[in-house]
$ cat start_13.cif   # mmCIF, C-alpha atoms and all ligand atoms
data_input
#
loop_
_atom_site.group_PDB
_atom_site.id
_atom_site.type_symbol
_atom_site.label_atom_id
_atom_site.label_comp_id
_atom_site.auth_asym_id
_atom_site.auth_seq_id
_atom_site.Cartn_x
_atom_site.Cartn_y
_atom_site.Cartn_z
ATOM 1 C CA MET A 1 -77.980 -134.062 -2.674
ATOM 2 C CA GLY A 2 -80.339 -137.000 -2.793
ATOM 3 C CA CYS A 3 -77.815 -139.499 -1.477
ATOM 4 C CA ARG A 4 -79.079 -142.109 0.973
ATOM 5 C CA CYS A 5 -75.753 -143.845 1.517
ATOM 6 C CA ARG A 6 -74.899 -144.812 5.087
ATOM 7 C CA ARG A 7 -72.529 -141.862 5.544
ATOM 8 C CA CYS A 8 -74.904 -139.226 4.132
ATOM 9 C CA ALA A 9 -77.903 -140.612 6.027
ATOM 10 C CA ALA A 10 -75.911 -140.373 9.281
ATOM 11 C CA ALA A 11 -74.969 -136.762 8.538
ATOM 12 C CA TYR A 12 -78.566 -135.771 7.714
ATOM 13 C CA ALA A 13 -79.645 -137.323 11.020
ATOM 14 C CA ASP A 14 -76.844 -135.622 12.978
ATOM 15 C CA PRO A 15 -75.506 -132.369 11.474
ATOM 16 C CA ALA A 16 -72.398 -132.651 13.701
ATOM 17 C CA LYS A 17 -71.293 -135.381 11.290
ATOM 18 C CA GLU A 18 -71.474 -133.116 8.234
ATOM 19 C CA GLU A 19 -68.271 -132.325 6.383
ATOM 20 C CA TYR A 20 -67.780 -129.313 4.142
ATOM 21 C CA ALA A 21 -66.510 -129.267 0.560
ATOM 22 C CA ALA A 22 -62.711 -129.000 0.363
ATOM 23 C CA CYS A 23 -61.390 -125.477 0.861
ATOM 24 C CA LEU A 24 -58.286 -123.764 2.167
ATOM 25 C CA ALA A 25 -57.729 -120.300 3.625
ATOM 26 C CA ILE A 26 -54.404 -118.505 3.529
ATOM 27 C CA VAL A 27 -54.126 -116.333 6.642
ATOM 28 C CA ASP A 28 -51.396 -113.781 7.214
ATOM 29 C CA GLY A 29 -51.943 -112.731 10.806
ATOM 30 C CA ARG A 30 -48.858 -110.563 11.118
ATOM 31 C CA GLY A 31 -50.441 -107.189 10.367
ATOM 32 C CA GLU A 32 -52.721 -105.150 12.574
ATOM 33 C CA GLU A 33 -55.588 -106.729 10.666
ATOM 34 C CA ALA A 34 -55.183 -110.311 9.421
ATOM 35 C CA ALA A 35 -55.163 -110.777 5.662
ATOM 36 C CA VAL A 36 -57.304 -113.721 4.540
ATOM 37 C CA TRP A 37 -57.540 -115.305 1.123
ATOM 38 C CA LEU A 38 -59.630 -118.340 0.244
ATOM 39 C CA ILE A 39 -58.732 -121.017 -2.225
ATOM 40 C CA ASP A 40 -62.083 -121.845 -3.869
ATOM 41 C CA ALA A 41 -65.600 -120.638 -3.132
ATOM 42 C CA THR A 42 -67.381 -123.858 -2.201
ATOM 43 C CA PRO A 43 -71.122 -124.469 -1.773
ATOM 44 C CA ASP A 44 -70.318 -124.429 1.989
ATOM 45 C CA ILE A 45 -68.698 -120.986 1.887
ATOM 46 C CA LYS A 46 -71.098 -119.455 4.404
ATOM 47 C CA TYR A 47 -70.003 -121.966 7.039
ATOM 48 C CA GLN A 48 -66.357 -121.686 6.072
ATOM 49 C CA ILE A 49 -66.418 -117.871 6.299
ATOM 50 C CA ASN A 50 -68.080 -118.279 9.686
ATOM 51 C CA LEU A 51 -65.181 -120.488 10.835
ATOM 52 C CA LEU A 52 -62.915 -117.570 9.881
ATOM 53 C CA ALA A 53 -65.121 -114.874 11.428
ATOM 54 C CA SER A 54 -62.809 -114.006 14.305
ATOM 55 C CA VAL A 55 -59.793 -113.978 11.995
ATOM 56 C CA LEU A 56 -61.570 -111.733 9.488
ATOM 57 C CA GLY A 57 -62.883 -109.394 12.169
ATOM 58 C CA ALA A 58 -65.692 -106.893 11.910
ATOM 59 C CA HIS A 59 -66.765 -105.198 8.708
ATOM 60 C CA PRO A 60 -65.508 -101.593 8.723
ATOM 61 C CA THR A 61 -68.923 -100.022 8.078
ATOM 62 C CA ARG A 62 -71.718 -102.630 8.273
ATOM 63 C CA SER A 63 -72.887 -103.648 11.735
ATOM 64 C CA ASN A 64 -72.989 -107.330 12.683
ATOM 65 C CA ARG A 65 -71.084 -108.311 9.552
ATOM 66 C CA VAL A 66 -67.634 -109.806 9.051
ATOM 67 C CA ARG A 67 -65.092 -108.172 6.813
ATOM 68 C CA GLN A 68 -64.896 -109.592 3.304
ATOM 69 C CA PRO A 69 -61.864 -111.790 2.526
ATOM 70 C CA ASN A 70 -58.884 -110.085 0.892
ATOM 71 C CA GLY A 71 -59.339 -112.263 -2.168
ATOM 72 C CA ILE A 72 -60.176 -115.673 -3.575
ATOM 73 C CA PHE A 73 -58.119 -117.993 -5.765
ATOM 74 C CA LEU A 74 -60.285 -120.317 -7.859
ATOM 75 C CA THR A 75 -58.943 -123.699 -8.952
ATOM 76 C CA HIS A 76 -61.589 -124.424 -11.617
ATOM 77 C CA ALA A 77 -65.195 -124.141 -12.731
ATOM 78 C CA HIS A 78 -66.710 -127.258 -11.104
ATOM 79 C CA MET A 79 -69.552 -126.870 -8.617
ATOM 80 C CA GLY A 80 -67.569 -127.729 -5.487
ATOM 81 C CA HIS A 81 -65.111 -124.947 -6.265
ATOM 82 C CA ILE A 82 -67.224 -122.049 -7.564
ATOM 83 C CA GLY A 83 -70.686 -122.994 -6.225
ATOM 84 C CA GLY A 84 -70.292 -120.509 -3.350
ATOM 85 C CA LEU A 85 -69.685 -117.457 -5.526
ATOM 86 C CA PRO A 86 -73.367 -116.353 -5.481
ATOM 87 C CA GLN A 87 -73.031 -115.936 -1.679
ATOM 88 C CA LEU A 88 -70.616 -113.068 -2.334
ATOM 89 C CA GLY A 89 -73.198 -111.209 -4.420
ATOM 90 C CA PRO A 90 -75.626 -108.418 -3.539
ATOM 91 C CA GLU A 91 -78.197 -110.692 -1.845
ATOM 92 C CA ALA A 92 -75.711 -112.016 0.718
ATOM 93 C CA MET A 93 -72.181 -110.839 1.565
ATOM 94 C CA ALA A 94 -72.305 -107.990 -0.982
ATOM 95 C CA VAL A 95 -68.545 -107.780 -1.464
ATOM 96 C CA GLN A 96 -66.964 -104.733 -3.080
ATOM 97 C CA ASP A 97 -64.024 -104.881 -5.492
ATOM 98 C CA MET A 98 -62.840 -108.230 -4.201
ATOM 99 C CA PRO A 99 -59.900 -109.697 -6.139
ATOM 100 C CA VAL A 100 -60.745 -113.111 -7.600
ATOM 101 C CA TYR A 101 -57.928 -114.940 -9.347
ATOM 102 C CA GLY A 102 -58.375 -117.762 -11.847
ATOM 103 C CA ALA A 103 -57.252 -119.139 -15.175
ATOM 104 C CA PRO A 104 -57.979 -116.783 -18.108
ATOM 105 C CA GLY A 105 -60.616 -119.219 -19.441
ATOM 106 C CA LEU A 106 -62.383 -119.282 -16.081
ATOM 107 C CA VAL A 107 -62.346 -115.485 -15.818
ATOM 108 C CA ARG A 108 -63.846 -115.296 -19.311
ATOM 109 C CA LEU A 109 -66.535 -117.822 -18.367
ATOM 110 C CA LEU A 110 -67.492 -115.817 -15.261
ATOM 111 C CA ARG A 111 -67.676 -112.598 -17.252
ATOM 112 C CA GLU A 112 -69.902 -114.277 -19.862
ATOM 113 C CA THR A 113 -72.322 -115.733 -17.284
ATOM 114 C CA ARG A 114 -75.242 -113.285 -17.398
ATOM 115 C CA LEU A 115 -76.933 -114.914 -14.421
ATOM 116 C CA TRP A 116 -74.073 -113.857 -12.139
ATOM 117 C CA ARG A 117 -73.525 -110.407 -13.629
ATOM 118 C CA PRO A 118 -74.608 -108.437 -10.495
ATOM 119 C CA LEU A 119 -72.004 -110.393 -8.531
ATOM 120 C CA VAL A 120 -69.267 -110.367 -11.150
ATOM 121 C CA GLU A 121 -69.514 -106.559 -11.448
ATOM 122 C CA LYS A 122 -68.467 -106.329 -7.788
ATOM 123 C CA LEU A 123 -65.418 -108.545 -8.224
ATOM 124 C CA ALA A 124 -62.007 -107.587 -9.474
ATOM 125 C CA LEU A 125 -61.437 -110.614 -11.723
ATOM 126 C CA ILE A 126 -57.743 -111.189 -12.302
ATOM 127 C CA PRO A 127 -56.689 -113.731 -14.953
ATOM 128 C CA LEU A 128 -53.603 -115.721 -13.952
ATOM 129 C CA ALA A 129 -51.465 -117.431 -16.561
ATOM 130 C CA ALA A 130 -50.189 -120.907 -15.727
ATOM 131 C CA GLY A 131 -46.971 -120.493 -13.774
ATOM 132 C CA GLU A 132 -47.794 -116.922 -12.778
ATOM 133 C CA THR A 133 -47.102 -115.866 -9.188
ATOM 134 C CA VAL A 134 -49.126 -113.451 -7.064
ATOM 135 C CA THR A 135 -47.210 -111.716 -4.284
ATOM 136 C CA LEU A 136 -49.453 -111.410 -1.215
ATOM 137 C CA ALA A 137 -46.596 -110.180 1.007
ATOM 138 C CA ASP A 138 -42.819 -110.012 0.497
ATOM 139 C CA ASP A 139 -42.501 -113.537 1.864
ATOM 140 C CA LEU A 140 -45.909 -114.950 0.908
ATOM 141 C CA ARG A 141 -46.538 -115.926 -2.690
ATOM 142 C CA VAL A 142 -49.110 -117.989 -4.561
ATOM 143 C CA THR A 143 -48.281 -119.610 -7.894
ATOM 144 C CA ALA A 144 -50.814 -121.050 -10.352
ATOM 145 C CA VAL A 145 -49.896 -124.583 -11.458
ATOM 146 C CA ALA A 146 -51.849 -126.030 -14.398
ATOM 147 C CA VAL A 147 -53.115 -129.595 -13.900
ATOM 148 C CA PRO A 148 -55.008 -131.937 -16.252
ATOM 149 C CA HIS A 149 -58.675 -132.145 -15.236
ATOM 150 C CA ARG A 150 -62.029 -132.620 -17.002
ATOM 151 C CA ASP A 151 -62.711 -129.255 -18.610
ATOM 152 C CA GLU A 152 -66.154 -128.695 -20.170
ATOM 153 C CA TRP A 153 -65.640 -125.010 -21.000
ATOM 154 C CA ASP A 154 -61.939 -124.732 -21.772
ATOM 155 C CA ALA A 155 -61.721 -122.877 -18.488
ATOM 156 C CA GLY A 156 -58.567 -124.578 -17.186
ATOM 157 C CA THR A 157 -57.738 -126.150 -13.812
ATOM 158 C CA TYR A 158 -55.073 -124.972 -11.396
ATOM 159 C CA ALA A 159 -53.439 -126.256 -8.287
ATOM 160 C CA PHE A 160 -51.890 -123.508 -6.167
ATOM 161 C CA ARG A 161 -48.432 -123.530 -4.648
ATOM 162 C CA VAL A 162 -48.196 -121.305 -1.582
ATOM 163 C CA GLN A 163 -44.718 -120.225 -0.518
ATOM 164 C CA GLY A 164 -44.511 -118.819 2.999
ATOM 165 C CA PRO A 165 -41.536 -117.439 4.926
ATOM 166 C CA ALA A 166 -40.392 -120.879 6.103
ATOM 167 C CA ARG A 167 -42.404 -123.574 4.374
ATOM 168 C CA SER A 168 -44.360 -124.260 1.202
ATOM 169 C CA LEU A 169 -47.671 -125.952 0.474
ATOM 170 C CA LEU A 170 -49.349 -127.368 -2.628
ATOM 171 C CA TYR A 171 -53.166 -127.319 -2.797
ATOM 172 C CA LEU A 172 -54.327 -129.744 -5.472
ATOM 173 C CA PRO A 173 -57.938 -130.870 -4.923
ATOM 174 C CA ASP A 174 -58.655 -132.218 -8.430
ATOM 175 C CA ILE A 175 -56.599 -134.006 -11.074
ATOM 176 C CA ASP A 176 -57.690 -136.588 -13.660
ATOM 177 C CA SER A 177 -54.616 -138.773 -13.210
ATOM 178 C CA TRP A 178 -51.058 -138.383 -11.983
ATOM 179 C CA GLU A 179 -49.817 -140.083 -15.156
ATOM 180 C CA GLN A 180 -51.157 -137.234 -17.297
ATOM 181 C CA TRP A 181 -49.091 -134.750 -15.310
ATOM 182 C CA PRO A 182 -45.378 -135.349 -15.916
ATOM 183 C CA GLU A 183 -44.264 -132.903 -13.191
ATOM 184 C CA ALA A 184 -46.342 -134.605 -10.447
ATOM 185 C CA HIS A 185 -43.446 -136.089 -8.508
ATOM 186 C CA GLU A 186 -41.298 -132.990 -8.816
ATOM 187 C CA GLN A 187 -44.131 -130.717 -7.652
ATOM 188 C CA VAL A 188 -44.960 -132.822 -4.579
ATOM 189 C CA ALA A 189 -41.260 -133.232 -3.765
ATOM 190 C CA GLY A 190 -40.831 -129.473 -4.064
ATOM 191 C CA VAL A 191 -43.135 -128.571 -1.156
ATOM 192 C CA ASP A 192 -43.304 -129.320 2.571
ATOM 193 C CA ILE A 193 -47.044 -130.036 2.587
ATOM 194 C CA ALA A 194 -49.087 -131.380 -0.323
ATOM 195 C CA LEU A 195 -52.867 -131.340 0.050
ATOM 196 C CA VAL A 196 -53.996 -133.647 -2.744
ATOM 197 C CA ASP A 197 -57.028 -135.171 -4.459
ATOM 198 C CA ALA A 198 -58.399 -138.124 -2.481
ATOM 199 C CA THR A 199 -61.881 -138.119 -4.028
ATOM 200 C CA PHE A 200 -62.236 -141.880 -4.385
ATOM 201 C CA TYR A 201 -60.627 -144.831 -2.664
ATOM 202 C CA SER A 202 -62.121 -147.523 -4.870
ATOM 203 C CA ARG A 203 -63.792 -147.794 -8.281
ATOM 204 C CA ASP A 204 -66.774 -149.448 -6.564
ATOM 205 C CA GLU A 205 -67.789 -146.048 -5.185
ATOM 206 C CA LEU A 206 -69.124 -144.941 -8.549
ATOM 207 C CA GLY A 207 -72.147 -147.233 -8.179
ATOM 208 C CA GLY A 208 -72.628 -147.741 -11.897
ATOM 209 C CA ARG A 209 -72.236 -144.080 -12.847
ATOM 210 C CA PRO A 210 -69.854 -143.336 -15.709
ATOM 211 C CA PRO A 211 -66.231 -143.159 -14.585
ATOM 212 C CA VAL A 212 -65.229 -139.848 -13.016
ATOM 213 C CA ALA A 213 -61.540 -139.320 -13.535
ATOM 214 C CA HIS A 214 -59.640 -138.976 -10.284
ATOM 215 C CA PRO A 215 -56.657 -140.999 -9.077
ATOM 216 C CA LEU A 216 -57.612 -143.651 -6.515
ATOM 217 C CA VAL A 217 -56.132 -143.188 -3.036
ATOM 218 C CA PRO A 218 -54.111 -146.468 -2.948
ATOM 219 C CA HIS A 219 -52.522 -145.526 -6.266
ATOM 220 C CA THR A 220 -51.644 -142.042 -4.961
ATOM 221 C CA LEU A 221 -50.067 -143.537 -1.824
ATOM 222 C CA ASN A 222 -48.058 -145.965 -3.952
ATOM 223 C CA LEU A 223 -46.874 -143.375 -6.397
ATOM 224 C CA PHE A 224 -45.704 -140.970 -3.707
ATOM 225 C CA ALA A 225 -44.548 -143.624 -1.227
ATOM 226 C CA ASP A 226 -41.208 -141.855 -0.807
ATOM 227 C CA LEU A 227 -42.993 -138.542 -0.090
ATOM 228 C CA ALA A 228 -45.895 -139.857 2.021
ATOM 229 C CA GLY A 229 -44.909 -137.685 4.990
ATOM 230 C CA ARG A 230 -45.817 -134.602 2.955
ATOM 231 C CA LEU A 231 -49.201 -135.871 1.785
ATOM 232 C CA VAL A 232 -52.404 -134.602 3.348
ATOM 233 C CA LEU A 233 -55.427 -136.152 1.634
ATOM 234 C CA THR A 234 -58.397 -133.900 0.939
ATOM 235 C CA HIS A 235 -61.424 -133.491 -1.391
ATOM 236 C CA PHE A 236 -63.039 -136.756 -0.215
ATOM 237 C CA ASN A 237 -66.251 -137.833 -1.886
ATOM 238 C CA HIS A 238 -68.986 -138.925 0.571
ATOM 239 C CA THR A 239 -68.521 -142.473 -0.743
ATOM 240 C CA ASN A 240 -64.883 -142.694 0.393
ATOM 241 C CA SER A 241 -64.451 -145.184 3.257
ATOM 242 C CA ALA A 242 -61.305 -143.421 4.450
ATOM 243 C CA LEU A 243 -63.725 -140.871 5.970
ATOM 244 C CA ASP A 244 -64.748 -143.480 8.573
ATOM 245 C CA THR A 245 -62.486 -143.256 11.601
ATOM 246 C CA ASP A 246 -62.469 -147.024 12.154
ATOM 247 C CA SER A 247 -62.121 -148.178 8.527
ATOM 248 C CA ARG A 248 -59.274 -150.285 7.166
ATOM 249 C CA GLU A 249 -58.983 -147.747 4.322
ATOM 250 C CA ARG A 250 -58.217 -144.956 6.794
ATOM 251 C CA ALA A 251 -55.792 -147.227 8.641
ATOM 252 C CA ALA A 252 -54.022 -147.912 5.329
ATOM 253 C CA VAL A 253 -53.638 -144.172 4.642
ATOM 254 C CA LEU A 254 -52.174 -143.532 8.080
ATOM 255 C CA ALA A 255 -49.937 -146.625 7.906
ATOM 256 C CA ALA A 256 -48.508 -145.281 4.646
ATOM 257 C CA GLY A 257 -47.465 -142.149 6.530
ATOM 258 C CA ALA A 258 -49.997 -139.751 4.952
ATOM 259 C CA GLN A 259 -52.518 -137.586 6.801
ATOM 260 C CA ILE A 260 -56.241 -137.013 6.334
ATOM 261 C CA ALA A 261 -57.204 -133.337 6.251
ATOM 262 C CA GLU A 262 -59.523 -132.142 9.016
ATOM 263 C CA THR A 263 -61.825 -129.133 9.138
ATOM 264 C CA GLY A 264 -59.954 -126.318 10.850
ATOM 265 C CA GLN A 265 -56.544 -127.947 10.505
ATOM 266 C CA VAL A 266 -53.768 -125.334 10.399
ATOM 267 C CA PHE A 267 -50.480 -125.592 8.496
ATOM 268 C CA SER A 268 -47.883 -123.022 9.514
ATOM 269 C CA LEU A 269 -45.801 -121.654 6.690
HETATM 270 ZN ZN ZN B 301 -73.633 -140.321 0.248
HETATM 271 ZN ZN ZN B 302 -63.288 -130.767 -10.632
HETATM 272 ZN ZN ZN B 303 -63.545 -130.937 -7.145
#

$ encode --input "start_13.cif" --output "structure tokens" --more "lines below"
Ligand SMILES: [Zn+2]
Ligand SMILES: [Zn+2]
Ligand SMILES: [Zn+2]
Amino acid sequence: MGCRCRRCAAAYADPAKEEYAACLAIVDGRGEEAAVWLIDATPDIKYQINLLASVLGAHPTRSNRVRQPNGIFLTHAHMGHIGGLPQLGPEAMAVQDMPVYGAPGLVRLLRETRLWRPLVEKLALIPLAAGETVTLADDLRVTAVAVPHRDEWDAGTYAFRVQGPARSLLYLPDIDSWEQWPEAHEQVAGVDIALVDATFYSRDELGGRPPVAHPLVPHTLNLFADLAGRLVLTHFNHTNSALDTDSRERAAVLAAGAQIAETGQVFSL
């Protein structure tokens, strides 16, 4: 909000150029009715749920409404990851007993937030310990993986490892630095697809604001050079030149063998 950078100005002028905050859905389409979980409730959740409307299908009792997701896994308490929660409350989607998983500190924070009480009362908040696994189906499991990340409320930050019948995926949108996470290489090597923090490409993007801790993209590509084929970069800030299709930054990402996540991209597990 309030940004007049070239990329934001172009998107305000032409909404087709808008990009949503990073999010992932886990879809198990094998049953009669697809099961759908979200990772994170972003400020763009209404658009993201709309992208999933046909997968979710019709609400069982309310006309002209989609069914609520089967659950939501929250990575952490920052705006881009929980800013969509109010949309689930009584004024909008009005979910009932929806499981919401998060670190114990985050669950506590949500329960303490009086402003969101009407919403929180309709959620089934489920605290997940670091390393804990949730079984969504016999062959579909989600494990909470603790990562170091700026934490104003002692609420914790998780990445999620999703193990499907044939392949596995790591969803890691935010981390302060790879160096503060000794298991980084092992975790990325241990999955087939790793969607990782690509917030900033260069320090210059901060425009004089105090440093925001995220690894820079060239450093990430260097560090995981031997695993680049698994990397899918996500969680781009609007300042990141790799968003431009004709930029040398994007060319460098692709030349390294990594991918850039796209809205609607599907990874089969
Ligand atoms: Zn901008
Ligand atoms: Zn964050
Ligand atoms: Zn974030």

$ residues_near_ligand --input "start_13.cif" --ligand "ligand ZN 303 (chain B)" --cutoff "7 Å" --atoms "all atoms listed in the file" --output "list in words"
His78, Gly80, His81, Pro173, Asp174 and His235 of chain A

$ residues_around --input "start_13.cif" --residues "Ala22 (chain A)" --least-positions-apart "5" --cutoff "12 Å" --atoms "all atoms listed in the file" --output "PyMOL selection string"
chain A and resi 38-45+48+75+79-84+171-174+195-199+233-238+260-265

$ atom_distance --input "start_13.cif" --atom1 "CA of Pro118 (chain A)" --atom2 "CA of Pro90 (chain A)"
7.0 Å

$ closest_residue --input "start_13.cif" --among "A:Val100, A:Glu183, A:Ala77, A:Thr113" --to "ligand ZN 302 (chain B)" --atoms "all atoms listed in the file"
A:Ala77

$ atom_distance --input "start_13.cif" --atom1 "CA of Val191 (chain A)" --atom2 "CA of Leu169 (chain A)"
5.5 Å

$ closest_residue --input "start_13.cif" --among "A:Val217, A:His59, A:Gly207, A:Gln87" --to "ligand ZN 301 (chain B)" --atoms "only C-alpha atoms and all ligand atoms"
A:Gly207

$ residues_near_ligand --input "start_13.cif" --ligand "ligand ZN 301 (chain B)" --cutoff "9 Å" --atoms "only C-alpha atoms and all ligand atoms" --output "JSON, numbers by chain"
{"A": [1, 2, 3, 4, 5, 6, 7, 8, 9, 237, 238, 239]}

$ resolve_selection --input "start_13.cif" --expression "the PyMOL selection byres (((chain A and resi 123) around 12) and not hetatm)" --output "VMD selection string"
chain A and resid 68 to 72 85 to 86 88 to 90 94 to 101 107 110 to 111 116 to 122 124 to 126

$ resolve_selection --input "start_13.cif" --expression "the PyMOL selection byres (((chain A and resi 228) around 10) and not hetatm)" --output "PyMOL selection string"
chain A and resi 188-189+193-194+220-227+229-232+253-259

$ residues_around --input "start_13.cif" --residues "Thr133 (chain A)" --least-positions-apart "3" --cutoff "7 Å" --atoms "only C-alpha atoms" --output "number ranges by chain"
A: 141-144

$ residues_around --input "start_13.cif" --residues "Ala146 (chain A)" --least-positions-apart "5" --cutoff "8 Å" --atoms "only C-alpha atoms" --output "list of chain:residue names"
A:Ala130, A:Gly131, A:Gly156, A:Thr157, A:Tyr158, A:Ala159

$ closest_residue --input "start_13.cif" --among "A:Gly164, A:Pro182, A:Pro218, A:Pro148" --to "ligand ZN 302 (chain B)" --atoms "only C-alpha atoms and all ligand atoms"
A:Pro148

$ resolve_selection --input "start_13.cif" --expression "the PyMOL selection byres (((chain A and resi 177) around 10) and not hetatm)" --output "PyMOL selection string"
chain A and resi 147-149+174-176+178-181+184+197+213-216+219-220

$ atom_distance --input "start_13.cif" --atom1 "CA of Gln187 (chain A)" --atom2 "CA of Val134 (chain A)"
18.0 Å

$ axis_aligned_box --input "start_13.cif" --around "region 113-129 of chain A" --padding-each-side "6 Å" --output "JSON"
{"center_x": -64.2, "center_y": -111.9, "center_z": -12.6, "size_x": 37.5, "size_y": 23.1, "size_z": 21.6}

$ closest_residue --input "start_13.cif" --among "A:Arg114, A:Lys46, A:Arg30, A:Arg150" --to "ligand ZN 302 (chain B)" --atoms "all atoms listed in the file"
A:Arg150

$ closest_residue --input "start_13.cif" --among "A:His76, A:Val212, A:Arg161, A:Asn240" --to "Thr135 (chain A)" --atoms "only C-alpha atoms"
A:Arg161

$ closest_residue --input "start_13.cif" --among "A:Leu115, A:Val266, A:Ala252, A:Leu74" --to "ligand ZN 302 (chain B)" --atoms "all atoms listed in the file"
A:Leu74

$ build_atoms --input "start_13.cif" --residues "region 41-58 of chain A" --atoms "N, CA and C atoms" --output "compact mmCIF listing (two decimals), in the coordinates of the input"
# COMPACT_ATOMS: atom_id res chain seq x y z
N ALA A 41 -64.35 -121.12 -3.73
CA ALA A 41 -65.60 -120.64 -3.13
C ALA A 41 -66.57 -121.80 -3.21
N THR A 42 -66.63 -122.60 -2.15
CA THR A 42 -67.38 -123.86 -2.20
C THR A 42 -68.86 -123.62 -1.87
N PRO A 43 -69.70 -124.60 -2.16
CA PRO A 43 -71.12 -124.47 -1.77
C PRO A 43 -71.30 -124.30 -0.26
N ASP A 44 -70.26 -124.59 0.53
CA ASP A 44 -70.32 -124.43 1.99
C ASP A 44 -69.66 -123.14 2.44
N ILE A 45 -69.49 -122.18 1.56
CA ILE A 45 -68.70 -120.99 1.89
C ILE A 45 -69.26 -120.23 3.08
N LYS A 46 -70.57 -120.24 3.28
CA LYS A 46 -71.10 -119.46 4.40
C LYS A 46 -70.62 -120.03 5.74
N TYR A 47 -70.50 -121.35 5.81
CA TYR A 47 -70.00 -121.97 7.04
C TYR A 47 -68.49 -121.75 7.17
N GLN A 48 -67.82 -121.81 6.04
CA GLN A 48 -66.36 -121.69 6.07
C GLN A 48 -65.94 -120.25 6.42
N ILE A 49 -66.68 -119.26 5.90
CA ILE A 49 -66.42 -117.87 6.30
C ILE A 49 -66.72 -117.70 7.79
N ASN A 50 -67.76 -118.38 8.27
CA ASN A 50 -68.08 -118.28 9.69
C ASN A 50 -66.96 -118.85 10.56
N LEU A 51 -66.32 -119.93 10.09
CA LEU A 51 -65.18 -120.49 10.84
C LEU A 51 -64.04 -119.47 10.92
N LEU A 52 -63.99 -118.57 9.94
CA LEU A 52 -62.92 -117.57 9.88
C LEU A 52 -63.35 -116.22 10.46
N ALA A 53 -64.56 -116.17 11.04
CA ALA A 53 -65.12 -114.87 11.43
C ALA A 53 -64.20 -114.09 12.35
N SER A 54 -63.62 -114.76 13.36
CA SER A 54 -62.81 -114.01 14.30
C SER A 54 -61.50 -113.58 13.67
N VAL A 55 -61.02 -114.35 12.71
CA VAL A 55 -59.79 -113.98 12.00
C VAL A 55 -60.08 -112.79 11.07
N LEU A 56 -61.21 -112.83 10.41
CA LEU A 56 -61.57 -111.73 9.49
C LEU A 56 -61.86 -110.45 10.26
N GLY A 57 -62.53 -110.58 11.39
CA GLY A 57 -62.88 -109.39 12.17
C GLY A 57 -64.11 -108.70 11.59
N ALA A 58 -64.45 -107.59 12.24
CA ALA A 58 -65.69 -106.89 11.91
C ALA A 58 -65.57 -106.12 10.61
